[in-house]
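What's in structure_24.txt: compact mmCIF, C-alpha atoms
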```txt
# COMPACT_ATOMS: atom_id res chain seq x y z
CA MET F 1 0.00 0.00 0.00
CA HIS F 2 2.83 2.37 0.90
CA THR F 3 4.57 1.66 -2.41
CA LYS F 4 1.38 2.24 -4.37
CA THR F 5 0.75 5.59 -2.64
CA ARG F 6 4.35 6.65 -3.20
CA SER F 7 4.30 5.79 -6.92
CA THR F 8 0.97 7.53 -7.40
CA THR F 9 2.37 10.65 -5.82
CA ILE F 10 5.42 10.62 -8.03
CA ALA F 11 3.32 10.15 -11.19
CA ARG F 12 0.88 12.82 -10.06
CA LYS F 13 3.44 15.55 -9.46
CA PRO F 14 6.67 14.93 -11.34
CA HIS F 15 9.61 17.25 -10.87
CA LEU F 16 9.32 20.01 -13.49
CA SER F 17 12.26 21.71 -15.14
CA PHE F 18 12.84 25.45 -14.84
CA TRP F 19 11.60 26.05 -18.40
CA GLN F 20 8.48 23.98 -17.82
CA ILE F 21 7.71 26.21 -14.84
CA ILE F 22 8.37 29.28 -17.01
CA ASN F 23 5.88 28.06 -19.64
CA MET F 24 3.34 27.34 -16.93
CA ASN F 25 3.50 30.93 -15.68
CA ILE F 26 3.65 32.86 -18.97
CA GLY F 27 -0.14 33.26 -18.84
CA PHE F 28 0.36 35.25 -15.65
CA PHE F 29 2.28 37.81 -17.72
CA GLY F 30 -0.84 38.82 -19.65
CA ILE F 31 -3.00 38.91 -16.52
CA GLN F 32 -0.52 41.19 -14.78
CA PHE F 33 -0.06 43.43 -17.84
CA SER F 34 -3.77 44.12 -17.47
CA PHE F 35 -3.43 44.87 -13.75
CA GLY F 36 -0.44 47.13 -14.48
CA LEU F 37 -2.51 49.18 -16.93
CA GLN F 38 -5.19 49.59 -14.28
CA GLN F 39 -2.72 50.61 -11.58
CA SER F 40 -0.95 53.16 -13.76
CA SER F 41 -3.82 54.54 -15.83
CA MET F 42 -7.20 54.33 -14.07
CA SER F 43 -6.78 57.32 -11.74
CA PRO F 44 -5.56 59.54 -14.63
CA ILE F 45 -8.42 58.28 -16.86
CA TYR F 46 -10.93 59.06 -14.12
CA LYS F 47 -9.43 62.55 -13.70
CA TYR F 48 -9.53 63.15 -17.48
CA LEU F 49 -13.24 62.25 -17.38
CA GLY F 50 -13.92 64.72 -14.55
CA ALA F 51 -13.65 62.70 -11.31
CA ASN F 52 -13.28 64.46 -7.95
CA GLU F 53 -9.89 63.81 -6.32
CA ALA F 54 -11.25 62.90 -2.88
CA SER F 55 -13.73 60.40 -4.35
CA LEU F 56 -11.15 58.49 -6.42
CA PRO F 57 -11.14 55.51 -4.01
CA TYR F 58 -14.86 54.91 -4.63
CA LEU F 59 -14.17 54.54 -8.36
CA TRP F 60 -11.65 51.78 -7.58
CA LEU F 61 -14.34 49.68 -5.86
CA ALA F 62 -14.70 47.30 -8.84
CA GLY F 63 -11.48 45.36 -8.19
CA PRO F 64 -11.94 44.46 -4.54
CA MET F 65 -15.69 43.89 -4.77
CA THR F 66 -15.45 41.53 -7.74
CA GLY F 67 -12.53 39.80 -6.03
CA LEU F 68 -14.54 39.37 -2.85
CA LEU F 69 -17.55 37.94 -4.68
CA VAL F 70 -15.96 36.07 -7.56
CA GLN F 71 -12.68 34.53 -6.41
CA PRO F 72 -13.85 32.31 -3.50
CA LEU F 73 -16.79 31.10 -5.59
CA ILE F 74 -14.69 30.42 -8.69
CA GLY F 75 -11.97 28.79 -6.59
CA ALA F 76 -14.49 26.43 -4.98
CA MET F 77 -16.13 25.70 -8.35
CA SER F 78 -12.78 24.87 -9.94
CA ASP F 79 -12.12 22.33 -7.17
CA ARG F 80 -15.34 20.58 -8.26
CA THR F 81 -14.98 20.93 -12.04
CA VAL F 82 -14.35 17.90 -14.25
CA THR F 83 -14.04 18.55 -17.99
CA ARG F 84 -11.94 17.12 -20.79
CA TRP F 85 -9.93 20.38 -20.70
CA GLY F 86 -9.22 20.09 -16.95
CA ARG F 87 -10.40 21.66 -13.72
CA ARG F 88 -8.76 25.09 -13.88
CA THR F 89 -8.29 25.66 -17.63
CA PRO F 90 -11.88 26.64 -18.55
CA TYR F 91 -11.87 29.41 -15.96
CA PHE F 92 -8.69 31.22 -16.85
CA LEU F 93 -9.35 30.86 -20.58
CA VAL F 94 -12.82 32.46 -20.38
CA GLY F 95 -11.47 35.10 -17.98
CA ALA F 96 -8.66 36.01 -20.39
CA ILE F 97 -11.08 36.42 -23.32
CA VAL F 98 -13.41 38.74 -21.39
CA CYS F 99 -10.42 40.65 -20.01
CA SER F 100 -9.16 41.30 -23.55
CA ILE F 101 -12.55 42.69 -24.55
CA GLY F 102 -12.58 45.00 -21.51
CA LEU F 103 -9.10 46.29 -22.32
CA LEU F 104 -10.13 47.00 -25.92
CA LEU F 105 -13.08 49.14 -24.81
CA MET F 106 -11.71 50.94 -21.73
CA PRO F 107 -9.65 53.78 -23.32
CA PHE F 108 -12.57 54.75 -25.57
CA SER F 109 -14.86 55.50 -22.60
CA PRO F 110 -16.66 58.81 -23.28
CA THR F 111 -17.98 59.21 -19.72
CA LEU F 112 -16.92 58.54 -16.15
CA TRP F 113 -19.74 56.04 -15.53
CA MET F 114 -18.77 54.00 -18.59
CA ALA F 115 -15.11 53.77 -17.53
CA ALA F 116 -16.17 52.72 -14.02
CA SER F 117 -18.59 50.12 -15.44
CA LEU F 118 -15.95 48.67 -17.75
CA LEU F 119 -13.56 48.40 -14.80
CA TRP F 120 -16.13 46.17 -13.06
CA ILE F 121 -16.23 43.87 -16.10
CA LEU F 122 -12.45 43.91 -16.49
CA ASP F 123 -11.81 43.11 -12.84
CA ALA F 124 -14.45 40.38 -12.77
CA ALA F 125 -12.71 38.73 -15.73
CA ASN F 126 -9.28 39.03 -14.10
CA ASN F 127 -10.65 37.52 -10.90
CA VAL F 128 -12.21 34.59 -12.78
CA THR F 129 -8.72 33.91 -14.12
CA MET F 130 -6.62 34.58 -11.03
CA GLU F 131 -7.33 31.95 -8.36
CA PRO F 132 -7.82 28.96 -10.69
CA TYR F 133 -4.44 29.96 -12.13
CA ARG F 134 -2.80 29.99 -8.70
CA ALA F 135 -4.45 26.65 -7.89
CA PHE F 136 -3.21 25.31 -11.24
CA VAL F 137 0.38 26.08 -10.23
CA SER F 138 -0.13 24.41 -6.87
CA ASP F 139 -1.74 21.39 -8.60
CA LYS F 140 1.20 20.94 -10.96
CA LEU F 141 4.06 21.29 -8.50
CA ASP F 142 5.32 19.17 -5.66
CA ALA F 143 5.63 21.01 -2.34
CA LYS F 144 9.43 21.21 -2.79
CA GLN F 145 8.91 23.30 -5.94
CA HIS F 146 6.24 25.64 -4.52
CA SER F 147 8.78 28.38 -3.79
CA LEU F 148 10.14 28.28 -7.35
CA GLY F 149 6.66 28.12 -8.86
CA PHE F 150 5.16 31.03 -6.95
CA LEU F 151 8.26 33.22 -7.15
CA THR F 152 8.34 32.59 -10.92
CA GLN F 153 4.73 33.72 -10.98
CA SER F 154 5.85 36.77 -9.05
CA ALA F 155 8.58 37.37 -11.65
CA PHE F 156 6.01 37.42 -14.44
CA THR F 157 3.95 39.82 -12.35
CA GLY F 158 6.96 42.13 -12.31
CA LEU F 159 7.67 41.72 -16.03
CA GLY F 160 4.04 42.19 -17.11
CA GLN F 161 3.55 45.26 -14.99
CA THR F 162 6.93 46.70 -16.00
CA LEU F 163 5.90 46.72 -19.64
CA ALA F 164 2.40 47.97 -18.80
CA TYR F 165 3.77 50.96 -16.89
CA LEU F 166 6.45 51.62 -19.49
CA ALA F 167 4.27 51.20 -22.60
CA PRO F 168 3.25 54.89 -22.94
CA SER F 169 6.87 56.06 -22.61
CA LEU F 170 8.03 53.47 -25.14
CA LEU F 171 5.35 54.65 -27.56
CA VAL F 172 6.66 58.21 -27.17
CA LEU F 173 10.18 56.96 -27.96
CA LEU F 174 8.76 55.29 -31.06
CA GLY F 175 7.46 58.64 -32.28
CA MET F 176 3.95 59.07 -30.88
CA ASP F 177 2.96 62.54 -29.64
CA LYS F 178 2.67 62.49 -25.85
CA ASP F 179 0.30 65.49 -25.91
CA ALA F 180 -2.14 64.09 -28.52
CA VAL F 181 -5.49 63.33 -26.87
CA ASN F 182 -8.95 62.19 -27.90
CA GLY F 183 -12.21 64.03 -27.25
CA SER F 184 -12.23 62.85 -23.61
CA HIS F 185 -8.65 64.15 -23.05
CA ILE F 186 -7.31 60.57 -22.84
CA PRO F 187 -3.82 60.51 -24.45
CA HIS F 188 -3.40 58.42 -27.59
CA ILE F 189 -0.42 56.67 -26.02
CA VAL F 190 -2.68 55.36 -23.23
CA ILE F 191 -5.22 54.13 -25.78
CA VAL F 192 -2.56 52.16 -27.72
CA ALA F 193 -1.16 50.71 -24.47
CA PHE F 194 -4.60 49.25 -23.65
CA LEU F 195 -4.87 47.75 -27.14
CA ILE F 196 -1.48 46.07 -26.65
CA GLY F 197 -2.68 44.78 -23.29
CA ALA F 198 -5.73 43.18 -24.92
CA LEU F 199 -3.44 41.22 -27.24
CA PHE F 200 -1.08 40.11 -24.46
CA SER F 201 -3.94 39.03 -22.20
CA ILE F 202 -5.26 36.34 -24.50
CA ALA F 203 -2.01 35.38 -26.26
CA SER F 204 -0.07 34.61 -23.06
CA VAL F 205 -2.82 32.42 -21.61
CA LEU F 206 -3.10 30.51 -24.89
CA TRP F 207 0.67 29.89 -24.74
CA THR F 208 0.38 28.35 -21.29
CA LEU F 209 -2.58 26.20 -22.35
CA LYS F 210 -0.64 24.91 -25.36
CA THR F 211 2.58 24.11 -23.48
CA THR F 212 1.32 23.09 -20.02
CA PRO F 213 -1.69 20.76 -19.83
CA GLU F 214 -3.19 19.98 -16.46
CA HIS F 215 -2.36 16.70 -14.76
CA PRO F 216 -5.08 14.09 -15.36
CA LEU F 217 -7.08 13.42 -12.22
CA THR F 218 -6.56 10.06 -10.51
CA ALA F 219 -9.47 7.66 -10.06
CA ILE F 220 -9.57 8.53 -6.35
CA GLU F 221 -9.67 12.27 -7.05
CA LEU F 222 -12.43 11.84 -9.63
CA ALA F 223 -14.44 9.77 -7.16
CA GLN F 224 -14.00 12.40 -4.45
CA ILE F 225 -15.15 15.22 -6.77
CA ARG F 226 -18.15 13.29 -8.07
CA ALA F 227 -19.14 12.32 -4.53
CA LYS F 228 -19.59 15.97 -3.63
CA PRO F 229 -23.18 17.22 -3.81
CA PRO F 230 -23.81 19.35 -6.93
CA GLY F 231 -25.24 22.87 -7.13
CA TRP F 232 -24.39 26.37 -6.00
CA ARG F 233 -25.65 25.76 -2.45
CA ALA F 234 -23.11 22.98 -2.02
CA THR F 235 -20.39 25.23 -3.43
CA LEU F 236 -21.27 27.97 -0.95
CA GLY F 237 -21.31 25.31 1.74
CA ASP F 238 -17.75 24.37 0.79
CA ILE F 239 -16.70 28.00 1.20
CA GLY F 240 -18.43 28.24 4.60
CA SER F 241 -16.85 25.01 5.77
CA ALA F 242 -13.41 26.15 4.62
CA LEU F 243 -13.84 29.45 6.49
CA ARG F 244 -14.74 27.61 9.71
CA GLU F 245 -11.79 25.23 9.36
CA MET F 246 -9.30 27.87 8.24
CA PRO F 247 -5.71 27.05 9.29
CA SER F 248 -4.21 29.35 11.94
CA THR F 249 -1.35 30.32 9.59
CA MET F 250 -3.90 31.69 7.15
CA LYS F 251 -5.65 33.72 9.87
CA GLN F 252 -2.37 35.29 10.95
CA LEU F 253 -1.49 36.14 7.36
CA ALA F 254 -4.80 38.03 7.12
CA VAL F 255 -3.41 40.67 9.51
CA VAL F 256 -0.28 41.10 7.40
CA LYS F 257 -2.33 41.45 4.24
CA LEU F 258 -4.58 44.06 5.87
CA PHE F 259 -1.59 46.38 6.28
CA GLN F 260 0.15 45.66 2.97
CA TRP F 261 -2.90 45.85 0.68
CA TYR F 262 -4.40 48.96 2.31
CA ALA F 263 -0.99 50.53 1.73
CA MET F 264 -0.61 49.40 -1.88
CA PHE F 265 -4.09 50.64 -2.79
CA CYS F 266 -3.23 54.04 -1.33
CA TYR F 267 -0.04 54.07 -3.39
CA TRP F 268 -1.62 53.13 -6.72
CA GLN F 269 -4.48 55.61 -6.37
CA TYR F 270 -2.44 58.64 -5.36
CA ILE F 271 1.18 58.25 -6.49
CA MET F 272 0.59 59.98 -9.83
CA LEU F 273 -1.26 62.86 -8.13
CA SER F 274 1.51 63.09 -5.53
CA LEU F 275 4.19 63.34 -8.25
CA ALA F 276 2.15 65.98 -10.09
CA GLY F 277 2.12 68.11 -6.94
CA THR F 278 5.66 67.62 -5.62
CA LEU F 279 7.57 67.62 -8.91
CA PHE F 280 5.35 69.50 -11.39
CA HIS F 281 3.35 71.72 -8.97
CA THR F 282 0.00 71.07 -10.61
CA SER F 283 -3.27 69.26 -10.03
CA ASP F 284 -4.89 70.36 -13.33
CA PRO F 285 -5.56 67.24 -15.48
CA ALA F 286 -5.54 69.38 -18.66
CA SER F 287 -2.00 70.69 -18.02
CA ARG F 288 1.20 69.44 -19.62
CA GLY F 289 2.72 68.95 -16.15
CA PHE F 290 -0.07 66.55 -15.23
CA ARG F 291 0.58 64.47 -18.36
CA ASP F 292 4.32 64.57 -17.63
CA ALA F 293 3.60 63.26 -14.14
CA GLY F 294 1.67 60.41 -15.76
CA LEU F 295 4.67 59.51 -17.91
CA LEU F 296 7.00 59.74 -14.91
CA ASN F 297 4.70 57.50 -12.89
CA GLY F 298 4.82 55.00 -15.74
CA GLN F 299 8.62 55.11 -15.76
CA ILE F 300 9.14 54.64 -12.02
CA GLY F 301 6.35 52.06 -11.96
CA ALA F 302 8.11 50.17 -14.74
CA PHE F 303 11.35 50.40 -12.77
CA TYR F 304 9.94 48.99 -9.55
CA ASN F 305 8.19 46.21 -11.48
CA PHE F 306 11.45 45.39 -13.26
CA VAL F 307 13.14 45.26 -9.86
CA ALA F 308 10.35 42.88 -8.82
CA PHE F 309 11.01 40.72 -11.88
CA ILE F 310 14.70 40.40 -10.95
CA ALA F 311 14.04 40.18 -7.21
CA ALA F 312 11.58 37.31 -7.59
CA PHE F 313 14.48 35.07 -8.62
CA ALA F 314 17.10 36.81 -6.47
CA LEU F 315 14.95 36.31 -3.36
CA LEU F 316 14.72 32.55 -3.92
CA PRO F 317 17.96 31.60 -2.10
CA PHE F 318 17.12 34.00 0.75
CA THR F 319 13.64 32.52 1.05
CA ARG F 320 15.10 29.02 1.16
CA ARG F 321 17.75 29.98 3.73
CA PHE F 322 15.87 32.39 6.02
CA GLY F 323 12.29 31.38 5.24
CA PRO F 324 9.49 33.34 3.53
CA LYS F 325 8.50 35.04 6.79
CA VAL F 326 11.76 36.87 7.47
CA THR F 327 12.33 37.61 3.78
CA HIS F 328 8.87 39.16 3.48
CA SER F 329 9.38 41.31 6.58
CA VAL F 330 12.64 42.75 5.26
CA CYS F 331 11.11 43.53 1.86
CA LEU F 332 8.07 45.28 3.36
CA SER F 333 10.36 47.34 5.59
CA LEU F 334 12.41 48.56 2.63
CA ALA F 335 9.25 49.57 0.77
CA GLY F 336 7.82 51.35 3.81
CA ILE F 337 10.97 53.43 4.23
CA GLY F 338 10.98 54.16 0.51
CA MET F 339 7.39 55.40 0.44
CA LEU F 340 7.99 57.66 3.43
CA ALA F 341 10.85 59.22 1.44
CA ILE F 342 9.00 59.74 -1.88
CA PRO F 343 7.31 63.08 -1.00
CA LEU F 344 10.70 64.50 0.06
CA ILE F 345 12.27 63.85 -3.35
CA HIS F 346 12.16 66.58 -6.01
CA SER F 347 14.37 64.98 -8.65
CA PRO F 348 12.93 62.32 -10.99
CA ALA F 349 16.23 60.41 -11.04
CA LEU F 350 16.34 60.11 -7.23
CA LEU F 351 12.87 58.50 -7.24
CA LEU F 352 14.53 55.31 -8.46
CA LEU F 353 16.08 54.75 -5.01
CA PRO F 354 12.83 54.18 -3.09
CA MET F 355 11.50 52.22 -6.06
CA VAL F 356 14.12 49.53 -5.39
CA GLY F 357 12.46 48.85 -2.03
CA VAL F 358 8.96 49.01 -3.53
CA GLY F 359 10.01 46.53 -6.22
CA MET F 360 11.45 44.08 -3.72
CA ALA F 361 8.29 44.28 -1.64
CA TRP F 362 6.10 43.77 -4.70
CA ALA F 363 8.04 40.63 -5.64
CA SER F 364 7.69 39.34 -2.10
CA ILE F 365 3.98 40.23 -1.85
CA MET F 366 3.21 38.21 -4.97
CA GLY F 367 5.24 35.21 -3.88
CA ASN F 368 6.12 34.69 -0.22
CA PRO F 369 2.61 34.80 1.34
CA TYR F 370 1.56 32.08 -1.11
CA ILE F 371 4.55 29.96 -0.13
CA MET F 372 3.49 30.31 3.51
CA LEU F 373 -0.11 29.50 2.57
CA ALA F 374 0.50 26.54 0.21
CA GLY F 375 2.10 24.43 2.91
CA SER F 376 -0.67 25.06 5.44
CA ILE F 377 -3.79 24.11 3.43
CA PRO F 378 -5.07 20.64 2.45
CA PRO F 379 -4.30 19.98 -1.25
CA GLN F 380 -7.83 18.79 -2.08
CA ARG F 381 -9.15 22.26 -1.12
CA THR F 382 -6.47 24.35 -2.83
CA GLY F 383 -8.92 26.20 -5.09
CA VAL F 384 -11.33 27.29 -2.38
CA TYR F 385 -8.55 28.34 0.01
CA MET F 386 -6.72 30.29 -2.70
CA GLY F 387 -10.01 32.07 -3.38
CA ILE F 388 -10.58 32.81 0.29
CA PHE F 389 -6.97 33.99 0.61
CA ASN F 390 -7.76 36.57 -2.02
CA MET F 391 -10.47 37.92 0.30
CA PHE F 392 -7.59 39.03 2.51
CA ILE F 393 -6.43 41.16 -0.41
CA VAL F 394 -9.75 42.69 -1.38
CA ILE F 395 -11.22 43.30 2.09
CA PRO F 396 -8.37 45.71 2.99
CA MET F 397 -8.97 47.44 -0.34
CA ILE F 398 -12.69 47.80 0.40
CA ILE F 399 -11.88 49.17 3.86
CA GLN F 400 -9.50 51.66 2.24
CA ILE F 401 -12.11 52.74 -0.30
CA PHE F 402 -14.72 53.55 2.32
CA THR F 403 -12.42 55.01 4.98
CA LEU F 404 -9.83 57.11 3.15
CA PRO F 405 -12.35 59.66 1.74
CA LEU F 406 -13.63 60.22 5.30
CA TYR F 407 -10.28 61.53 6.56
CA TYR F 408 -8.55 62.56 3.32
CA ARG F 409 -9.13 66.28 3.94
CA ALA F 410 -9.42 66.30 7.73
CA TRP F 411 -6.37 64.20 8.65
CA LEU F 412 -4.30 64.21 5.45
CA ALA F 413 -4.92 67.88 4.52
CA GLY F 414 -6.22 66.87 1.09
CA ASP F 415 -2.62 66.25 0.02
CA PRO F 416 -1.86 63.17 -2.12
CA ALA F 417 1.70 63.17 -0.75
CA ASN F 418 0.33 62.44 2.73
CA VAL F 419 -1.48 59.38 1.35
CA ILE F 420 1.88 58.05 0.17
CA ARG F 421 3.35 58.68 3.64
CA LEU F 422 0.43 56.74 5.15
CA ALA F 423 1.15 53.84 2.79
CA GLY F 424 4.77 53.75 3.97
CA ALA F 425 3.78 53.63 7.63
CA LEU F 426 1.31 50.79 7.01
CA LEU F 427 3.94 48.72 5.20
CA LEU F 428 6.19 49.00 8.25
CA CYS F 429 3.29 47.70 10.36
CA GLY F 430 2.92 44.77 7.96
CA ALA F 431 6.65 44.03 8.25
CA ALA F 432 6.25 43.70 12.02
CA ALA F 433 3.05 41.64 11.79
CA VAL F 434 4.50 38.95 9.51
CA LEU F 435 7.12 38.06 12.13
CA PHE F 436 4.29 36.80 14.38
CA VAL F 437 2.97 34.32 11.77
CA LYS F 438 3.39 30.69 12.87
CA MET F 439 3.86 28.38 9.87
CA LYS F 440 2.12 25.05 10.47
CA PRO F 441 1.92 22.28 7.85
CA ALA F 442 -1.44 21.17 6.47
CA PRO F 443 -3.06 18.24 8.29
```

Could the structure of this file be written out as structure tokens, please?
Amino acid sequence: MHTKTRSTTIARKPHLSFWQIINMNIGFFGIQFSFGLQQSSMSPIYKYLGANEASLPYLWLAGPMTGLLVQPLIGAMSDRTVTRWGRRTPYFLVGAIVCSIGLLLMPFSPTLWMAASLLWILDAANNVTMEPYRAFVSDKLDAKQHSLGFLTQSAFTGLGQTLAYLAPSLLVLLGMDKDAVNGSHIPHIVIVAFLIGALFSIASVLWTLKTTPEHPLTAIELAQIRAKPPGWRATLGDIGSALREMPSTMKQLAVVKLFQWYAMFCYWQYIMLSLAGTLFHTSDPASRGFRDAGLLNGQIGAFYNFVAFIAAFALLPFTRRFGPKVTHSVCLSLAGIGMLAIPLIHSPALLLLPMVGVGMAWASIMGNPYIMLAGSIPPQRTGVYMGIFNMFIVIPMIIQIFTLPLYYRAWLAGDPANVIRLAGALLLCGAAAVLFVKMKPAP
């Protein structure tokens, strides 16, 4: 019996080569190019379409709300899915197609309400793709390769978002006019960047599907899935049961993620406005300085994402030696210090220094918490727990959306630079909190 179990395990999760793991994660490149476009361009697009500065967080509600509603449900459904294409594949393929359509339409939004509505569709599609994709990586890899698998995924996050942030500047270098705008004041370079994103979104996922098929389910796994009661009530019951039986490691990580994701949402929403004020002394979305701040934000955003791309692999030996907990704490600390320094910097070149810390933290955020999580959850419930884990990303974002406008003027003096300082302080809190996480293996 022992021999049979051992051989089944080996056949189920063979050791994959580095390039096989690369192919498996290329689809994540397109997903993260889409997220990078949102992070770098949605606040400027909203401002071009007439949004009020203090209410910007409300317009970012689509991402966290769709994540809260969609990801746990889709994760649980993918655990139960049996098709000839696999358990996870149908979800991230459909999500990538809808995401591409959303990216095609977004930069042509004539009104604020249309842009906000399209963001809901775009984020829903990304969320349909996201957790089945993470579960797919966990399905394919043995526990010994989890760190390589998730940090490779983090590397493609960095690469995808680097190119997304940098796309408008590259288009200017290729000869496009940075001041050319459409009737809604949206720059042509932003429009073309979204069209490129639509192509990458579907093409990268198709590459992964072609090169990396899912493992066939064993007879025991098929029997376990088919023994589960069908229907949406049973799926919701799975989610409720998983919440009640949540591992303690996962609960402790929720505190860390509260600090880090509240901080990152503050950063993405207000960094471009902060740069416009501190370096270009403007808040007028029709001014050249405001557009220059948008290009600068793209450049430093590309830089920190490129740092994340390199750091995802560079952190691997440190994660193996010191553990994901200590590594994550150091990275969050560097980013916190960097964000506190950003408003004090008045030279574009010097902004690259704090971006090194932000990039290291971003690589760690997209990799190390999942390494800590993957070893603490039962493998047969990977999809549902990956979906629930995403709730610990989106709930802090929802809290930020509904709390920041309440104190933006009273406590932060209506100054975007103070929002960036707040983000830095919260990352330092997250760095302290992760040291209290106790990593316990799954039963």

Point to revise | Within 10 Å of segment 138-150 of chain F using only C-alpha atoms, minus same-chain residues under 6 positions, as a ChimeraX atom specification | key: /F:9-10,12-18,21-22,24-25,88,132,156,212-215,312-313,316-317,319-320,324,364,366-372,374-375,379-380,382-383,386

Point to revise | Which residue of F:Ser241, F:Thr235, F:Ser274, F:Asn127 approaches Ser43 of chain F most closely, using all atoms listed in the file | key: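 Between F:Ser241, F:Thr235, F:Ser274, F:Asn127, the residue approaching Ser43 of chain F most closely is F:Ser274.
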
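Closest to Tyr262 of chain F among F:Ile189, F:Leu351, F:Ile121, F:Ile399 is F:Ile399, based on all atoms listed in the file.
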
Review point. How many Å separate atom CA of His346 of chain F from atom CA of Pro168 of chain F?
Key: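 Going from atom CA of His346 of chain F over to atom CA of Pro168 of chain F covers 22.4 Å.
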
Point to revise | Two-atom distance - atom CA of Leu273 of chain F, atom CA of Pro416 of chain F (Å) | key: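 These two atoms are separated by 6.0 Å.
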
Review point. Do you have the atom CA of Ala115 of chain F-atom CA of Gly50 of chain F distance handy?
Key: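 Taking atom CA of Ala115 of chain F and atom CA of Gly50 of chain F, their separation equals 11.4 Å.
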
Check your understanding: For Leu56 of chain F, which of F:Gln269, F:Ser100, F:Thr249, F:Ser333 is the closest residue, counting only C-alpha atoms?
Key ->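 Ranking F:Gln269, F:Ser100, F:Thr249, F:Ser333 by distance to Leu56 of chain F, first place goes to F:Gln269.
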
Point to revise | Which residue of F:Ala76, F:Ala311, F:Leu332, F:Ala135 approaches Leu435 of chain F most closely, using all atoms listed in the file | key: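 Between F:Ala76, F:Ala311, F:Leu332, F:Ala135, the residue approaching Leu435 of chain F most closely is F:Leu332.
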
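Among F:Gly294, F:Pro187, F:Pro396, F:Gly357, the residue with the shortest atom-to-atom distance to Gly63 of chain F, counting only C-alpha atoms, is F:Pro396.
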
Practice item. Quick one: everything within 12 Å of Leu49 of chain F, counting only C-alpha atoms, minus sequence neighbours fewer than 4 positions away in the same chain. Send it as an MDAnalysis selection string. Key: chainID F and resid 42:45 53 56 59 107:116 182:187 285:286

Write the residues you've just listed into a file as a compact mmCIF listing (two decimals), in the coordinates of the input, and include C-alpha atoms for each of them.
```
# COMPACT_ATOMS: atom_id res chain seq x y z
CA MET F 42 -7.20 54.33 -14.07
CA SER F 43 -6.78 57.32 -11.74
CA PRO F 44 -5.56 59.54 -14.63
CA ILE F 45 -8.42 58.28 -16.86
CA GLU F 53 -9.89 63.81 -6.32
CA LEU F 56 -11.15 58.49 -6.42
CA LEU F 59 -14.17 54.54 -8.36
CA PRO F 107 -9.65 53.78 -23.32
CA PHE F 108 -12.57 54.75 -25.57
CA SER F 109 -14.86 55.50 -22.60
CA PRO F 110 -16.66 58.81 -23.28
CA THR F 111 -17.98 59.21 -19.72
CA LEU F 112 -16.92 58.54 -16.15
CA TRP F 113 -19.74 56.04 -15.53
CA MET F 114 -18.77 54.00 -18.59
CA ALA F 115 -15.11 53.77 -17.53
CA ALA F 116 -16.17 52.72 -14.02
CA ASN F 182 -8.95 62.19 -27.90
CA GLY F 183 -12.21 64.03 -27.25
CA SER F 184 -12.23 62.85 -23.61
CA HIS F 185 -8.65 64.15 -23.05
CA ILE F 186 -7.31 60.57 -22.84
CA PRO F 187 -3.82 60.51 -24.45
CA PRO F 285 -5.56 67.24 -15.48
CA ALA F 286 -5.54 69.38 -18.66
```

Review point. How would you write as number ranges by chain the residues that get within 7 Å of (4.9, 31.7, -24.6) in the file's frame, counting all atoms listed in the file?
Key: F: 23, 26, 204, 207-208

**Study point:** Selection near Gln161 of chain F, 7 Å with only C-alpha atoms, sequence-local residues under 4 positions removed, as a list in words
**Key:**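 In the requested form, the answer reads Gln32, Phe33, Gly36, Thr157, Tyr165, Ala302 and Asn305 of chain F.
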
Would you mind exporting C-alpha atoms of the selected residues as a compact mmCIF listing (two decimals), in the coordinates of the input?
```txt
# COMPACT_ATOMS: atom_id res chain seq x y z
CA GLN F 32 -0.52 41.19 -14.78
CA PHE F 33 -0.06 43.43 -17.84
CA GLY F 36 -0.44 47.13 -14.48
CA THR F 157 3.95 39.82 -12.35
CA TYR F 165 3.77 50.96 -16.89
CA ALA F 302 8.11 50.17 -14.74
CA ASN F 305 8.19 46.21 -11.48
```

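Nearest residue to Pro64 of chain F, choosing from F:Glu245, F:Asp123, F:Asp238, F:Asp179 and counting only C-alpha atoms: F:Asp123.
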
Practice item. Give me the residues within 9 Å of Ile300 of chain F as a list in words, counting all atoms listed in the file and dropping any in the same chain fewer than 2 places off. Key: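 My list of contacting residues is Tyr165, Leu166, Leu295, Leu296, Asn297, Gly298, Ala302, Phe303, Tyr304, Asn305, Pro348, Leu351, Leu352 and Met355 of chain F.
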
Review point. Do you know which residues lie at most 12 Å from (4.1, 71.7, -7.6), with coordinates as in the file and all atoms listed in the file counted, and could you write them as a list in words?
Key: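 Output: Leu273, Ser274, Leu275, Ala276, Gly277, Thr278, Leu279, Phe280, His281, Thr282, Ser283, Asp284, Gly289, Phe290, Ala293, Pro343, His346, Asp415, Pro416 and Ala417 of chain F.
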
Selection export as a short mmCIF file (atom, residue, chain, number, x, y, z; two decimals), keeping the file's coordinate frame, atoms kept: C-alpha atoms:
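What follows is the written file part-v3.cif:
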```
data_model
loop_
_atom_site.label_atom_id
_atom_site.label_comp_id
_atom_site.auth_asym_id
_atom_site.auth_seq_id
_atom_site.Cartn_x
_atom_site.Cartn_y
_atom_site.Cartn_z
CA LEU F 273 -1.26 62.86 -8.13
CA SER F 274 1.51 63.09 -5.53
CA LEU F 275 4.19 63.34 -8.25
CA ALA F 276 2.15 65.98 -10.09
CA GLY F 277 2.12 68.11 -6.94
CA THR F 278 5.66 67.62 -5.62
CA LEU F 279 7.57 67.62 -8.91
CA PHE F 280 5.35 69.50 -11.39
CA HIS F 281 3.35 71.72 -8.97
CA THR F 282 0.00 71.07 -10.61
CA SER F 283 -3.27 69.26 -10.03
CA ASP F 284 -4.89 70.36 -13.33
CA GLY F 289 2.72 68.95 -16.15
CA PHE F 290 -0.07 66.55 -15.23
CA ALA F 293 3.60 63.26 -14.14
CA PRO F 343 7.31 63.08 -1.00
CA HIS F 346 12.16 66.58 -6.01
CA ASP F 415 -2.62 66.25 0.02
CA PRO F 416 -1.86 63.17 -2.12
CA ALA F 417 1.70 63.17 -0.75
#
```
